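File shown: protein-v5.txt (compact mmCIF, C-alpha atoms).
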# COMPACT_ATOMS: atom_id res chain seq x y z
CA MET R 252 -38.54 130.63 207.38
CA ARG R 253 -35.03 129.32 207.96
CA ARG R 254 -33.17 132.61 207.41
CA PRO R 255 -32.93 133.77 211.05
CA PRO R 256 -31.07 130.61 212.10
CA GLN R 257 -28.76 130.99 209.06
CA LYS R 258 -28.04 134.58 210.06
CA SER R 259 -27.33 133.42 213.60
CA LEU R 260 -24.98 130.75 212.21
CA ARG R 261 -23.09 133.31 210.12
CA LEU R 262 -22.71 135.54 213.19
CA SER R 263 -21.49 132.56 215.19
CA ARG R 264 -18.81 131.80 212.62
CA ARG R 265 -17.80 135.45 212.50
CA ASN R 266 -17.58 135.54 216.28
CA ARG R 267 -15.45 132.41 216.31
CA SER R 268 -13.12 134.01 213.78
CA LYS R 269 -12.86 137.10 215.96
CA LEU R 270 -12.26 134.94 219.01
CA ASN R 271 -9.45 133.04 217.27
CA HIS R 272 -7.90 136.30 216.17
CA ALA R 273 -8.17 137.67 219.70
CA MET R 274 -6.53 134.54 221.11
CA GLN R 275 -3.64 134.85 218.67
CA THR R 276 -3.22 138.50 219.59
CA MET R 277 -3.27 137.68 223.30
CA LYS R 278 -0.79 134.87 222.73
CA GLN R 279 1.65 137.18 220.99
CA GLY R 280 1.47 139.66 223.88
CA GLN R 281 1.60 137.17 226.74
CA ARG R 282 4.62 135.93 228.65
CA PHE R 283 3.54 132.28 228.55
CA PRO R 284 2.49 131.76 224.90
CA ALA R 285 2.92 127.97 224.98
CA LEU R 286 -0.10 127.72 227.29
CA TYR R 287 -2.27 129.26 224.55
CA GLU R 288 -1.67 126.12 222.47
CA ARG R 289 -4.47 123.71 223.39
CA ASP R 290 -2.45 120.52 222.97
CA TYR R 291 0.45 121.76 225.07
CA ARG R 292 -1.96 123.06 227.71
CA LEU R 293 -3.51 119.60 228.09
CA PHE R 294 -0.05 118.06 228.19
CA PHE R 295 1.09 120.56 230.84
CA ILE R 296 -1.92 120.09 233.13
CA GLY R 297 -1.71 116.31 233.06
CA GLN R 298 2.01 116.26 233.65
CA THR R 299 1.76 118.66 236.59
CA ILE R 300 -0.76 116.40 238.33
CA SER R 301 1.31 113.29 237.75
CA LEU R 302 4.60 114.84 238.82
CA VAL R 303 3.33 115.62 242.31
CA GLY R 304 2.69 111.90 242.74
CA THR R 305 6.05 111.02 241.24
CA TRP R 306 7.94 113.21 243.71
CA MET R 307 5.90 111.81 246.58
CA GLN R 308 6.94 108.32 245.51
CA GLN R 309 10.58 109.38 245.03
CA THR R 310 10.75 110.82 248.55
CA ALA R 311 9.03 107.82 250.12
CA LEU R 312 11.24 105.40 248.20
CA GLY R 313 14.45 107.09 249.34
CA TRP R 314 13.29 107.11 252.96
CA LEU R 315 12.14 103.48 252.71
CA VAL R 316 15.54 102.32 251.45
CA TYR R 317 17.37 104.34 254.07
CA SER R 318 15.09 103.13 256.89
CA ILE R 319 15.80 99.53 255.90
CA THR R 320 19.54 99.80 255.35
CA LYS R 321 20.77 103.00 257.06
CA SER R 322 23.29 103.09 254.22
CA SER R 323 24.20 105.80 251.72
CA PHE R 324 25.56 103.02 249.48
CA TYR R 325 22.10 101.55 249.00
CA LEU R 326 20.70 105.00 248.28
CA GLY R 327 23.28 105.17 245.52
CA LEU R 328 22.16 101.76 244.27
CA LEU R 329 18.58 103.04 244.17
CA GLY R 330 19.75 105.77 241.81
CA VAL R 331 21.54 103.13 239.73
CA ALA R 332 18.45 100.94 239.47
CA THR R 333 16.27 103.86 238.42
CA SER R 334 18.64 105.44 235.91
CA LEU R 335 20.72 102.60 234.45
CA PRO R 336 17.93 101.49 232.06
CA VAL R 337 17.95 105.02 230.60
CA LEU R 338 21.59 104.51 229.68
CA PHE R 339 20.85 101.20 227.98
CA PHE R 340 17.52 101.88 226.29
CA SER R 341 17.04 105.63 225.73
CA LEU R 342 18.68 105.47 222.28
CA PHE R 343 15.96 103.03 221.25
CA GLY R 344 13.40 105.46 222.65
CA GLY R 345 14.86 108.14 220.39
CA VAL R 346 14.43 105.94 217.33
CA PHE R 347 10.82 105.21 218.36
CA ALA R 348 10.22 108.96 218.76
CA ASP R 349 11.30 109.55 215.16
CA ARG R 350 9.43 106.51 213.85
CA PHE R 351 6.05 106.24 215.64
CA ASN R 352 3.26 108.52 216.85
CA LYS R 353 4.59 110.14 220.00
CA ARG R 354 1.24 110.60 221.71
CA ASN R 355 0.47 106.89 221.54
CA ILE R 356 3.88 106.00 222.98
CA LEU R 357 3.32 108.38 225.91
CA ILE R 358 -0.11 106.94 226.65
CA THR R 359 1.48 103.48 226.78
CA THR R 360 4.37 104.52 229.03
CA GLN R 361 2.05 106.35 231.45
CA ALA R 362 -0.19 103.29 231.72
CA LEU R 363 2.83 101.06 232.36
CA SER R 364 4.09 103.43 235.07
CA ILE R 365 1.09 102.54 237.23
CA ILE R 366 2.39 98.98 237.67
CA PRO R 367 5.61 99.72 239.66
CA ALA R 368 3.74 102.13 241.95
CA LEU R 369 1.10 99.53 242.80
CA MET R 370 3.76 96.85 243.31
CA LEU R 371 5.55 99.06 245.83
CA ALA R 372 2.28 99.85 247.61
CA PHE R 373 1.14 96.22 247.90
CA LEU R 374 4.56 94.90 248.97
CA THR R 375 4.90 97.61 251.60
CA ASP R 376 1.39 97.00 252.97
CA PHE R 377 2.00 93.25 253.27
CA HIS R 378 5.47 93.74 254.81
CA ALA R 379 7.04 91.83 251.94
CA ILE R 380 9.33 94.64 250.84
CA GLY R 381 13.12 94.35 250.87
CA VAL R 382 15.90 96.45 249.49
CA TRP R 383 16.50 94.17 246.49
CA THR R 384 12.80 94.06 245.71
CA ILE R 385 12.80 97.85 245.71
CA LEU R 386 15.77 97.95 243.36
CA ILE R 387 14.07 95.55 240.91
CA VAL R 388 10.86 97.60 240.86
CA ALA R 389 12.90 100.81 240.45
CA ALA R 390 14.66 99.24 237.45
CA LEU R 391 11.28 98.39 235.91
CA LEU R 392 10.20 102.00 236.28
CA GLY R 393 13.51 103.18 234.82
CA THR R 394 12.97 100.99 231.76
CA VAL R 395 9.60 102.61 231.12
CA ASN R 396 11.17 106.05 231.57
CA SER R 397 13.91 105.25 229.06
CA LEU R 398 11.24 105.16 226.34
CA ASP R 399 9.13 107.96 227.77
CA ILE R 400 11.79 110.67 228.19
CA PRO R 401 13.14 111.11 224.62
CA VAL R 402 9.61 110.91 223.20
CA ARG R 403 8.34 113.50 225.69
CA GLN R 404 11.24 115.86 225.01
CA SER R 405 10.93 115.73 221.23
CA TYR R 406 7.10 115.96 221.37
CA MET R 407 7.05 119.41 223.00
CA ILE R 408 8.16 121.31 219.90
CA GLU R 409 5.26 119.79 217.95
CA ILE R 410 2.50 120.59 220.44
CA ALA R 411 3.83 123.99 221.54
CA GLY R 412 5.31 125.29 218.28
CA ARG R 413 8.90 126.03 217.38
CA GLU R 414 8.63 129.69 218.36
CA ASN R 415 7.37 128.69 221.84
CA LEU R 416 9.85 125.90 222.54
CA LEU R 417 11.96 127.61 225.22
CA ASN R 418 8.76 128.81 226.89
CA ALA R 419 7.38 125.25 226.84
CA VAL R 420 10.64 123.75 228.17
CA ALA R 421 10.74 126.34 230.96
CA LEU R 422 7.10 125.70 231.87
CA ASN R 423 7.82 121.98 231.82
CA SER R 424 10.72 122.53 234.22
CA THR R 425 8.48 124.70 236.38
CA ALA R 426 5.90 121.91 236.59
CA PHE R 427 8.57 119.32 237.33
CA HIS R 428 10.20 121.30 240.10
CA GLY R 429 6.96 122.81 241.35
CA ALA R 430 5.93 119.25 242.05
CA ARG R 431 9.34 118.87 243.67
CA VAL R 432 8.31 121.59 246.12
CA PHE R 433 4.92 120.18 247.06
CA GLY R 434 5.44 116.45 246.50
CA PRO R 435 8.21 115.87 249.10
CA SER R 436 6.50 118.08 251.69
CA ILE R 437 3.24 116.19 251.27
CA ALA R 438 5.13 112.90 251.30
CA GLY R 439 6.86 113.79 254.56
CA LEU R 440 3.50 114.43 256.24
CA ILE R 441 1.87 111.33 254.74
CA ILE R 442 4.79 109.12 255.79
CA GLY R 443 4.57 110.51 259.31
CA PHE R 444 0.80 109.93 259.66
CA HIS R 445 -0.20 107.18 257.20
CA GLY R 446 2.96 105.32 256.19
CA MET R 447 4.91 105.04 252.96
CA SER R 448 2.47 102.84 251.04
CA ALA R 449 -0.02 105.72 250.86
CA CYS R 450 2.49 107.70 248.77
CA PHE R 451 2.77 104.82 246.31
CA TYR R 452 -1.03 104.48 245.99
CA LEU R 453 -1.43 108.20 245.35
CA ASN R 454 1.28 108.12 242.69
CA ALA R 455 -0.49 105.29 240.88
CA ILE R 456 -3.75 107.27 240.91
CA SER R 457 -2.00 110.38 239.55
CA PHE R 458 -1.33 108.71 236.20
CA VAL R 459 -5.06 108.39 235.42
CA PRO R 460 -5.67 112.09 234.56
CA VAL R 461 -2.46 112.11 232.51
CA ILE R 462 -3.71 109.30 230.30
CA TYR R 463 -7.11 110.96 229.89
CA LEU R 464 -5.61 114.32 228.89
CA LEU R 465 -3.11 112.71 226.50
CA CYS R 466 -6.02 111.00 224.75
CA ARG R 467 -7.58 114.43 224.16
CA ILE R 468 -4.50 115.85 222.43
CA SER R 469 -5.15 116.13 218.70
CA ASN R 470 -1.52 116.32 217.51
CA ARG R 471 -0.25 112.76 217.63
CA GLY R 472 3.37 113.58 216.81
CA LYS R 473 3.58 111.88 213.44
CA PRO R 474 6.90 110.30 212.41
CA ARG R 475 9.13 112.19 209.99
CA GLU R 476 9.82 111.16 206.42
CA GLY R 477 12.91 109.04 206.01
CA SER R 478 12.74 107.80 209.62
CA HIS R 479 12.11 104.13 208.77
CA ASP R 480 15.66 102.84 208.54
CA GLY R 481 16.78 99.98 210.75
CA VAL R 482 16.88 100.66 214.49
CA PHE R 483 20.64 100.42 214.80
CA THR R 484 21.11 102.39 211.60
CA GLY R 485 18.90 105.08 213.09
CA ILE R 486 20.93 105.14 216.32
CA LYS R 487 24.18 105.35 214.37
CA GLY R 488 22.85 108.22 212.28
CA GLY R 489 21.87 110.21 215.39
CA ILE R 490 25.28 109.73 217.02
CA LYS R 491 27.08 110.65 213.79
CA PHE R 492 25.05 113.86 213.57
CA ILE R 493 26.01 114.88 217.13
CA LEU R 494 29.69 114.15 216.55
CA GLY R 495 29.59 116.46 213.56
CA GLU R 496 28.11 119.34 215.58
CA ARG R 497 30.92 120.57 217.86
CA ARG R 498 28.82 122.93 219.99
CA ILE R 499 26.02 120.42 220.61
CA LEU R 500 28.58 117.72 221.39
CA PHE R 501 30.35 119.70 224.09
CA ILE R 502 27.13 121.00 225.64
CA ILE R 503 26.00 117.39 226.02
CA LEU R 504 29.40 116.46 227.48
CA THR R 505 29.04 119.29 230.01
CA ILE R 506 25.66 117.88 230.99
CA SER R 507 27.23 114.43 231.40
CA ILE R 508 29.78 115.83 233.88
CA PHE R 509 27.01 117.45 235.91
CA SER R 510 24.99 114.23 235.79
CA LEU R 511 27.91 112.02 236.80
CA PHE R 512 29.34 114.12 239.61
CA GLY R 513 26.90 116.90 240.54
CA ILE R 514 23.30 115.77 240.35
CA PRO R 515 23.78 112.59 242.49
CA TYR R 516 23.94 114.84 245.57
CA ALA R 517 20.12 114.64 245.59
CA GLN R 518 20.24 110.86 246.17
CA LEU R 519 22.11 111.47 249.42
CA MET R 520 19.69 114.01 250.91
CA PRO R 521 18.33 111.40 253.39
CA VAL R 522 21.89 111.07 254.79
CA PHE R 523 22.18 114.84 255.20
CA ALA R 524 18.74 114.93 256.84
CA ASP R 525 19.61 112.14 259.29
CA LYS R 526 23.34 112.30 260.06
CA VAL R 527 24.29 115.91 259.34
CA TYR R 528 21.21 117.85 260.49
CA GLY R 529 19.11 115.27 262.38
CA VAL R 530 15.80 116.55 260.99
CA GLY R 531 14.11 113.27 259.97
CA PRO R 532 11.65 112.74 257.09
CA ILE R 533 9.88 116.08 257.56
CA GLY R 534 13.21 117.91 257.34
CA LEU R 535 14.08 115.84 254.27
CA GLY R 536 10.85 117.05 252.70
CA TYR R 537 11.86 120.67 253.41
CA MET R 538 15.31 120.14 251.90
CA MET R 539 13.99 118.64 248.69
CA SER R 540 11.27 121.27 248.52
CA CYS R 541 13.85 124.07 248.69
CA VAL R 542 15.69 122.57 245.73
CA GLY R 543 12.36 122.49 243.97
CA ALA R 544 11.58 126.10 244.92
CA GLY R 545 14.78 127.36 243.34
CA SER R 546 14.11 125.23 240.29
CA VAL R 547 10.58 126.60 239.95
CA LEU R 548 11.85 130.17 240.19
CA ALA R 549 14.31 129.49 237.35
CA GLY R 550 11.57 127.98 235.20
CA ILE R 551 9.20 130.88 235.84
CA ILE R 552 11.83 133.52 235.06
CA ILE R 553 12.81 131.81 231.80
CA ALA R 554 9.17 131.27 230.81
CA PHE R 555 8.29 134.88 231.69
CA ARG R 556 11.05 136.15 229.42
CA ARG R 557 9.59 134.01 226.58
CA ASP R 558 13.07 133.63 225.07
CA ILE R 559 16.70 134.21 225.95
CA ILE R 560 18.55 135.89 223.12
CA ASN R 561 22.06 134.97 224.25
CA LYS R 562 21.47 131.42 225.40
CA LEU R 563 25.16 130.53 225.49
CA LEU R 564 25.92 133.39 227.90
CA PHE R 565 23.05 132.41 230.18
CA MET R 566 24.25 128.80 230.13
CA SER R 567 27.77 129.98 230.99
CA VAL R 568 26.59 131.86 234.09
CA THR R 569 24.21 129.21 235.45
CA GLY R 570 26.59 126.38 234.56
CA PHE R 571 29.32 128.07 236.63
CA LEU R 572 27.09 128.92 239.61
CA PHE R 573 25.67 125.39 239.95
CA PRO R 574 28.91 123.73 241.16
CA VAL R 575 29.87 126.85 243.14
CA SER R 576 26.60 126.79 245.10
CA LEU R 577 26.93 123.02 245.61
CA LEU R 578 30.41 123.66 246.99
CA ALA R 579 29.03 126.27 249.41
CA PHE R 580 26.26 123.90 250.56
CA THR R 581 28.78 121.30 251.71
CA ILE R 582 30.81 123.79 253.74
CA ILE R 583 28.09 125.35 255.91
CA ASP R 584 26.66 123.63 259.03
CA ASN R 585 23.47 125.65 259.63
CA PHE R 586 20.32 123.84 258.48
CA TYR R 587 18.40 126.98 257.51
CA LEU R 588 21.34 128.40 255.55
CA ALA R 589 21.66 125.01 253.85
CA LEU R 590 18.06 125.35 252.69
CA VAL R 591 18.95 128.66 251.02
CA PHE R 592 21.89 127.13 249.16
CA LEU R 593 19.75 124.18 248.07
CA ALA R 594 17.38 126.67 246.45
CA VAL R 595 20.32 128.34 244.68
CA ILE R 596 21.53 124.94 243.46
CA GLY R 597 18.09 124.16 242.03
CA PHE R 598 17.83 127.55 240.33
CA ASN R 599 21.13 127.34 238.48
CA LEU R 600 20.87 123.68 237.50
CA VAL R 601 17.42 124.14 235.97
CA GLY R 602 18.43 127.42 234.34
CA PHE R 603 21.32 125.65 232.63
CA LEU R 604 19.45 122.48 231.64
CA ALA R 605 16.29 124.18 230.34
CA THR R 606 18.27 126.57 228.17
CA ALA R 607 20.54 123.80 226.89
CA ASN R 608 17.50 121.66 226.08
CA SER R 609 15.86 124.34 223.94
CA TYR R 610 19.16 125.35 222.32
CA ILE R 611 19.86 121.79 221.21
CA GLN R 612 16.32 121.14 219.95
CA LEU R 613 16.29 124.35 217.91
CA SER R 614 19.68 123.47 216.42
CA VAL R 615 18.76 120.06 214.98
CA PRO R 616 16.60 119.04 211.98
CA ASP R 617 13.18 117.60 212.75
CA SER R 618 14.19 114.18 211.42
CA PHE R 619 16.99 113.86 214.04
CA ARG R 620 15.31 115.48 217.05
CA GLY R 621 14.13 112.29 218.74
CA ARG R 622 17.52 110.61 218.43
CA VAL R 623 19.47 113.69 219.53
CA MET R 624 17.21 114.11 222.56
CA SER R 625 17.67 110.44 223.38
CA VAL R 626 21.43 111.08 223.62
CA PHE R 627 20.64 114.15 225.73
CA ALA R 628 18.55 111.95 228.04
CA MET R 629 21.18 109.22 228.09
CA MET R 630 23.93 111.62 229.19
CA PHE R 631 21.68 113.55 231.56
CA LEU R 632 19.95 110.62 233.26
CA GLY R 633 21.92 107.61 232.04
CA MET R 634 25.19 108.77 233.60
CA ALA R 635 23.44 109.29 236.94
CA PRO R 636 23.64 105.60 238.00
CA PHE R 637 27.42 105.61 237.85
CA GLY R 638 27.53 108.91 239.70
CA ALA R 639 25.03 107.69 242.29
CA ALA R 640 26.96 104.45 242.89
CA LEU R 641 30.30 106.27 243.01
CA THR R 642 29.00 108.99 245.33
CA GLY R 643 27.22 106.53 247.62
CA ALA R 644 30.24 104.24 247.92
CA THR R 645 32.65 107.14 248.45
CA ALA R 646 30.41 108.64 251.14
CA GLU R 647 30.61 105.36 253.06
CA ILE R 648 34.42 105.65 253.09
CA ILE R 649 35.31 109.33 253.46
CA GLY R 650 32.02 110.82 254.67
CA ILE R 651 29.12 112.57 253.03
CA LYS R 652 30.36 116.18 253.18
CA THR R 653 33.84 115.43 251.86
CA THR R 654 32.34 113.41 249.02
CA ILE R 655 29.97 116.16 247.84
CA LEU R 656 32.74 118.74 248.21
CA SER R 657 34.97 116.69 245.91
CA THR R 658 32.26 116.14 243.29
CA ALA R 659 31.46 119.86 243.25
CA ILE R 660 35.10 120.63 242.48
CA VAL R 661 35.08 118.06 239.66
CA CYS R 662 31.92 119.66 238.19
CA LEU R 663 33.49 123.11 238.30
CA THR R 664 36.67 121.86 236.61
CA GLY R 665 34.78 119.94 233.94
CA PHE R 666 32.52 122.88 233.18
CA THR R 667 35.50 125.22 232.78
CA ILE R 668 37.20 122.85 230.33
CA PHE R 669 34.16 122.09 228.17
CA ARG R 670 32.92 125.68 228.24
CA GLU R 671 35.95 126.68 226.18
CA LYS R 672 34.85 124.20 223.50
CA TRP R 673 31.24 125.37 223.06
CA LYS R 674 31.38 129.09 223.70

Starting from the file, lay out its structure as C-alpha cells.
Amino acid sequence: MRRPPQKSLRLSRRNRSKLNHAMQTMKQGQRFPALYERDYRLFFIGQTISLVGTWMQQTALGWLVYSITKSSFYLGLLGVATSLPVLFFSLFGGVFADRFNKRNILITTQALSIIPALMLAFLTDFHAIGVWTILIVAALLGTVNSLDIPVRQSYMIEIAGRENLLNAVALNSTAFHGARVFGPSIAGLIIGFHGMSACFYLNAISFVPVIYLLCRISNRGKPREGSHDGVFTGIKGGIKFILGERRILFIILTISIFSLFGIPYAQLMPVFADKVYGVGPIGLGYMMSCVGAGSVLAGIIIAFRRDIINKLLFMSVTGFLFPVSLLAFTIIDNFYLALVFLAVIGFNLVGFLATANSYIQLSVPDSFRGRVMSVFAMMFLGMAPFGAALTGATAEIIGIKTTILSTAIVCLTGFTIFREKWK
C-alpha cells in the first residue's frame, strides 16, 4: 500500500540529482559562476542592499561636515576619523579571521554598524550635531570596519570557491560601486527634500537584511589548523610571510601609494562640487555616481570574463591609467567632461584593486589568508587617513586643483617605481 509514495520519493531524489547536475553544468558555462554558490549569493544580495545605505550615509556625512565648516581640511579629518582605526586594528581583525568563525564575526560587526548610523540620525534631528561629534562617531564606525574588512575579504574564497574567487571579488566590487552610483544620487535628492538625518535612518535599516541573510549562510568560515598562536605572534607571522614574498610585498606597496596620494581625491568631491563647479549637493551626487558607474563597469567586465589569465599585465595597464585619468580630471574645467574622467578613474582603480585582491588571495596559503588580507586592508584603507589629512590641509594652502594634480603625479611616479619590482 505504501509503494506508490516510495516510488514518488525515489523519483524526487533522482530529479534532485538531475537538478544538481544541471546547476553544475550551468555554472560551468555561465559568466558569473560565483552567484551559483548559494552561500555567496546570500552574501552578495545582503551586501548590495546594505551598501546603498552606506553610500547614502557617506554622501550625507561629507555634505554635513562641509555645510558646518566650509573647509576641505575638516573633510580630510573626516577621512582620518573613518580610516585611522583600520590602520591600528585591522591586523587584529586578520588574526580573528584566521582564528574564529568568520560568519559570526560578520553578523556581530553588521549589528554594531547600526549604532553609529542611529547616533548620527538622532543628533542631527535634535540639532545636537557638531563637527567633533561627527568625527567621534566616524571613528567608532571605522573601528567596527577594521574588524569587518579582513574577515569579509578572506571569507569570500570559502563561500564562493577558489576557482570562482576573481569572479566573486569582481561581483563584490560591482555591488560596492553599483551602490556608489545609486546611493549618492538618492542621498542628494533625500538631502534636498527631507534632510540629512533621513539618510542616516535608512542606512541603519539597511543592515537588517544583511544580518538575516548572513544567518542563513551555512558555511561559517571555520578557523584553520595551527591558527591558535598568540595574537601578536600571529600578526608577526603574517608580516614575515609578506616580507618573504617579493611580488605580494610590492603590489601591496603600490596599493599604499594609491591609498595615500590618489584615493583621497574622493574626500574632496564636495569642494569640487561647491567651489570649482558650483553644482551643490545634487551635482555632488552626480560626480560620485559617475565614479561608481566606471567602477561598476570594471567589475562587470572582470566578472563577465570569469578570470584574467595575465593578471599582472592587466594590473599594469589599469594601475598606469588610474593616475593618468586623475591627472586629466584636475586639468579640465568643464563639468560634464569632468564626469567622464571621474568614470574613467573609477574604472581603472577598481580594475587594478579587484585583480590585485584576487591575485594576492590565490597566492597565499589558507592559514595566512586572513592576516595577509588584513595587511592589504591596512595599506589600502589604513593609509587613507594620512592621505586625507595631507590632501585636505594642502588644499587649504595651495588650492584644490593644484593639490590633486600633485598627488596624481606622485601616484604615477610611485606606480612606475614599484611596477618594476613586481612585474

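All protein, DNA and RNA residues at most 9 Å from (30.1, 109.7, 246.2) are Ser323, Phe324, Gly327, Phe512, Pro515, Tyr516, Leu519, Gly638, Ala639, Ala640, Leu641, Thr642, Gly643, Ala644, Thr645, Ala646, Glu647, Ile649, Gly650, Ile651, Thr653, Thr654, Ile655, Ser657 and Thr658 of chain R, using all atoms listed in the file.
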
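Going from CA of Ile441 (chain R) to CA of Thr305 (chain R) covers 14.1 Å.
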
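Computed from the coordinates, the CA of Ser546 (chain R) to CA of Ile300 (chain R) distance equals 17.4 Å.
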
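Distances here use all atoms listed in the file; by that measure, the residue among R:Leu663, R:Ile366, R:Ile408, R:Leu374 closest to Phe458 (chain R) is R:Ile366.
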
> Which distance in Å separates CA of Leu604 (chain R) and CA of Leu342 (chain R), to one decimal?
Replying inline: 19.4 Å

>> So that I can see what lies close to Phe347 (chain R), please list as a ChimeraX atom specification the residues with an atom at most 9 Å from it, counting all atoms listed in the file and leaving out residues fewer than 2 positions away in the same chain.
In response: /R:342-345,349-353,356,398,401-402,474,482,621-622

For region 529-648 of chain R versus region 490-504 of chain R, which residues have an atom no more than 9 Å away, and what is each residue's nearest atom pair and distance in Å rounded to one decimal, using all atoms listed in the file, chain-then-number order, as CSV?
residue,atom,partner,partner_atom,distance
R:Ala607,CA,R:Ile502,CA,7.3
R:Tyr610,CA,R:Ile499,CA,8.6
R:Ile611,CA,R:Ile499,CA,6.3
R:Ser614,CA,R:Ile499,CA,8.2
R:Val615,CA,R:Phe492,CA,8.9
R:Phe619,CA,R:Phe492,CA,8.1
R:Arg622,CA,R:Ile490,CA,7.9
R:Val623,CA,R:Ile493,CA,7.1
R:Val626,CA,R:Ile490,CA,7.8
R:Phe627,CA,R:Ile503,CA,6.3
R:Met630,CA,R:Ile503,CA,6.9
R:Phe631,CA,R:Ile503,CA,8.0
